[in-house]
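To be precise, the following lines are structure_17.cif, and they hold mmCIF, C-alpha atoms.
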```
data_run
#
loop_
_atom_site.group_PDB
_atom_site.id
_atom_site.type_symbol
_atom_site.label_atom_id
_atom_site.label_comp_id
_atom_site.auth_asym_id
_atom_site.auth_seq_id
_atom_site.Cartn_x
_atom_site.Cartn_y
_atom_site.Cartn_z
ATOM 1 C CA MET A 1 -137.530 -117.785 -251.608
ATOM 2 C CA MET A 2 -136.791 -117.148 -255.280
ATOM 3 C CA ILE A 3 -138.191 -114.095 -257.041
ATOM 4 C CA ILE A 4 -140.784 -116.010 -259.077
ATOM 5 C CA GLU A 5 -141.975 -117.814 -255.933
ATOM 6 C CA GLN A 6 -142.405 -114.468 -254.149
ATOM 7 C CA VAL A 7 -144.361 -113.041 -257.095
ATOM 8 C CA LYS A 8 -146.580 -116.138 -257.227
ATOM 9 C CA ALA A 9 -147.260 -115.855 -253.493
ATOM 10 C CA LEU A 10 -148.270 -112.205 -253.847
ATOM 11 C CA LEU A 11 -150.507 -113.007 -256.824
ATOM 12 C CA GLY A 12 -152.049 -116.075 -255.194
ATOM 13 C CA ILE A 13 -150.736 -118.429 -257.890
ATOM 14 C CA SER A 14 -150.226 -121.961 -256.599
ATOM 15 C CA ASP A 15 -149.503 -123.878 -259.821
ATOM 16 C CA ASP A 16 -146.733 -123.719 -262.425
ATOM 17 C CA LEU A 17 -148.898 -122.686 -265.387
ATOM 18 C CA GLN A 18 -147.659 -119.070 -265.378
ATOM 19 C CA ASP A 19 -143.974 -119.819 -264.743
ATOM 20 C CA ASN A 20 -142.823 -119.233 -268.334
ATOM 21 C CA LEU A 21 -144.648 -115.903 -268.472
ATOM 22 C CA LEU A 22 -143.266 -114.884 -265.081
ATOM 23 C CA SER A 23 -139.774 -115.825 -266.229
ATOM 24 C CA VAL A 24 -140.090 -113.523 -269.263
ATOM 25 C CA ILE A 25 -141.425 -110.718 -267.051
ATOM 26 C CA GLN A 26 -138.507 -111.257 -264.653
ATOM 27 C CA ASP A 27 -135.918 -111.125 -267.454
ATOM 28 C CA MET A 28 -137.426 -107.931 -268.865
ATOM 29 C CA THR A 29 -137.806 -106.291 -265.437
ATOM 30 C CA GLU A 30 -134.220 -107.092 -264.450
ATOM 31 C CA ALA A 31 -132.894 -105.818 -267.802
ATOM 32 C CA HIS A 32 -134.897 -102.601 -267.387
ATOM 33 C CA PHE A 33 -133.620 -102.148 -263.826
ATOM 34 C CA LYS A 34 -130.005 -102.649 -264.929
ATOM 35 C CA ALA A 35 -130.410 -100.141 -267.745
ATOM 36 C CA TYR A 36 -132.188 -97.669 -265.437
ATOM 37 C CA SER A 37 -129.527 -97.912 -262.731
ATOM 38 C CA ASN A 38 -126.579 -98.342 -265.125
ATOM 39 C CA GLN A 39 -125.493 -101.445 -263.187
ATOM 40 C CA ASP A 40 -124.553 -104.985 -264.226
ATOM 41 C CA THR A 41 -126.031 -106.638 -261.144
ATOM 42 C CA ILE A 42 -128.983 -106.107 -258.824
ATOM 43 C CA PRO A 43 -128.055 -105.954 -255.126
ATOM 44 C CA GLY A 44 -129.880 -108.412 -252.895
ATOM 45 C CA ASP A 45 -131.366 -105.642 -250.788
ATOM 46 C CA LEU A 46 -133.096 -104.209 -253.884
ATOM 47 C CA GLN A 47 -134.586 -107.493 -255.121
ATOM 48 C CA TYR A 48 -137.921 -106.460 -253.608
ATOM 49 C CA ILE A 49 -138.170 -103.773 -256.305
ATOM 50 C CA ILE A 50 -137.970 -106.469 -258.984
ATOM 51 C CA VAL A 51 -140.695 -108.473 -257.206
ATOM 52 C CA GLU A 52 -143.029 -105.469 -256.846
ATOM 53 C CA VAL A 53 -142.541 -104.321 -260.449
ATOM 54 C CA MET A 54 -143.119 -107.884 -261.706
ATOM 55 C CA VAL A 55 -146.466 -107.983 -259.881
ATOM 56 C CA LYS A 56 -147.444 -104.666 -261.472
ATOM 57 C CA ARG A 57 -146.439 -105.855 -264.933
ATOM 58 C CA PHE A 58 -148.268 -109.178 -264.520
ATOM 59 C CA ASN A 59 -151.432 -107.379 -263.449
ATOM 60 C CA ARG A 60 -151.130 -105.052 -266.431
ATOM 61 C CA ILE A 61 -151.080 -107.837 -269.050
ATOM 62 C CA GLY A 62 -153.647 -106.999 -271.700
ATOM 63 C CA SER A 63 -153.417 -103.297 -270.887
ATOM 64 C CA GLU A 64 -149.892 -102.656 -272.169
ATOM 65 C CA GLY A 65 -149.363 -99.155 -273.478
ATOM 66 C CA MET A 66 -152.431 -97.756 -271.724
ATOM 67 C CA LYS A 67 -152.242 -94.940 -269.221
ATOM 68 C CA SER A 68 -155.641 -95.756 -267.752
ATOM 69 C CA GLN A 69 -158.468 -98.235 -268.166
ATOM 70 C CA LYS A 70 -162.113 -98.090 -267.135
ATOM 71 C CA VAL A 71 -164.195 -101.271 -267.004
ATOM 72 C CA GLU A 72 -167.712 -101.407 -265.576
ATOM 73 C CA GLY A 73 -167.138 -98.496 -263.217
ATOM 74 C CA LEU A 74 -163.699 -99.693 -262.114
ATOM 75 C CA SER A 75 -161.007 -97.208 -263.094
ATOM 76 C CA MET A 76 -157.298 -98.042 -263.071
ATOM 77 C CA GLU A 77 -154.353 -95.765 -263.829
ATOM 78 C CA PHE A 78 -150.973 -97.157 -264.815
ATOM 79 C CA SER A 79 -147.565 -95.628 -264.217
ATOM 80 C CA VAL A 80 -145.627 -94.877 -267.369
ATOM 81 C CA ASP A 81 -142.317 -95.599 -265.580
ATOM 82 C CA ASP A 82 -142.404 -98.681 -263.368
ATOM 83 C CA PHE A 83 -139.282 -97.609 -261.469
ATOM 84 C CA LEU A 84 -140.235 -93.971 -260.831
ATOM 85 C CA GLU A 85 -141.533 -94.581 -257.299
ATOM 86 C CA TYR A 86 -138.213 -96.302 -256.444
ATOM 87 C CA ASP A 87 -136.057 -93.596 -258.026
ATOM 88 C CA LYS A 88 -134.794 -92.109 -254.740
ATOM 89 C CA ILE A 89 -133.937 -95.545 -253.352
ATOM 90 C CA ILE A 90 -132.086 -96.558 -256.515
ATOM 91 C CA LYS A 91 -130.185 -93.273 -256.668
ATOM 92 C CA ARG A 92 -129.218 -93.546 -252.995
ATOM 93 C CA GLN A 93 -127.981 -97.127 -253.492
ATOM 94 C CA PHE A 94 -125.769 -96.151 -256.432
ATOM 95 C CA ALA A 95 -125.071 -92.530 -255.433
ATOM 96 C CA SER A 96 -121.383 -92.651 -256.269
ATOM 97 C CA ASN A 97 -121.913 -93.686 -259.886
ATOM 98 C CA PHE A 98 -125.547 -92.924 -260.753
ATOM 99 C CA GLN A 99 -125.709 -90.694 -263.821
ATOM 100 C CA ALA A 100 -129.014 -88.853 -264.013
ATOM 101 C CA GLY A 101 -129.981 -85.513 -265.454
ATOM 102 C CA PHE A 102 -127.933 -83.256 -267.681
ATOM 103 C CA LYS A 103 -124.223 -82.539 -267.671
ATOM 104 C CA MET A 104 -122.603 -79.342 -268.807
ATOM 105 C CA LEU A 105 -119.903 -80.010 -271.361
#
```
Would you write the structure of this file as structure tokens?
Amino acid sequence: MMIIEQVKALLGISDDLQDNLLSVIQDMTEAHFKAYSNQDTIPGDLQYIIVEVMVKRFNRIGSEGMKSQKVEGLSMEFSVDDFLEYDKIIKRQFASNFQAGFKML
């Protein structure tokens, strides 16, 4: 199952009306992941991270830039860094060449 199909299944989308939007979200999410991990490709076993972050970003449309939102008693808080909860997994995957933190010169 392709990434967009997985995202649509999780979101309960059964038509193609959101495909262009989901494609843009996928491109941006993959570019962010590659920059975050300092990699040119995304390993197949980490594709689930792209799917989960795409769902988060889709659900956040209209609330971009907000840290939290309260509507009619419903309160939602948004993560500033979409990949933070996957940080340990990403670092473990690329342990030999992951550059994080500060270096002494």
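In this model, the gap between CA of Gln93 (chain A) and CA of Ile50 (chain A) comes to 14.7 Å.
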*Using CA of Val51 (chain A) and CA of Gln26 (chain A) as the two end points, give the distance in Å to one decimal.*
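Between CA of Val51 (chain A) and CA of Gln26 (chain A) the gap works out to 8.2 Å.
For the pair CA of Ile42 (chain A) and CA of Asp27 (chain A), the interatomic distance is 12.2 Å.
The residue that comes closest to Glu5 (chain A), out of A:Val71, A:Leu46, A:Val80, A:Met54 and on the basis of all atoms listed in the file, is A:Met54.
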_Residues near Phe33 (chain A), anyone? I mean within 10 Å using only C-alpha atoms, not counting same-chain ones fewer than 2 positions away, as a PyMOL selection string._
chain A and resi 27-31+35-42+49-50+53+82-83+90
If I wrap all listed atoms of region 34-48 of chain A in a box with edges along x, y and z and add 4 Å on each side, what are its centre and edge lengths in Å to one decimal, as lines of an AutoDock Vina configuration file?
```
center_x = -131.2
center_y = -103.0
center_z = -259.3
size_x = 21.4
size_y = 18.7
size_z = 25.0
```
*Extract, using only C-alpha atoms, all DNA, RNA and protein residues at most 8 Å from Val7 (chain A), discarding same-chain residues fewer than 2 positions from it, and format them as a PyMOL selection string.*
chain A and resi 3-5+9-11+51-52+54-55
Please produce a file of the residues just selected, as a CSV table (one decimal), keeping the file's coordinate frame, where the atoms kept are C-alpha atoms.
```csv
chain,number,residue,atom,x,y,z
A,3,ILE,CA,-138.2,-114.1,-257.0
A,4,ILE,CA,-140.8,-116.0,-259.1
A,5,GLU,CA,-142.0,-117.8,-255.9
A,9,ALA,CA,-147.3,-115.9,-253.5
A,10,LEU,CA,-148.3,-112.2,-253.8
A,11,LEU,CA,-150.5,-113.0,-256.8
A,51,VAL,CA,-140.7,-108.5,-257.2
A,52,GLU,CA,-143.0,-105.5,-256.8
A,54,MET,CA,-143.1,-107.9,-261.7
A,55,VAL,CA,-146.5,-108.0,-259.9
```
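Minimum atom-to-atom distance to Lys56 (chain A), evaluated using all atoms listed in the file, belongs to A:Ile25 out of A:Gly73, A:Ile25, A:Tyr86, A:Gln6.
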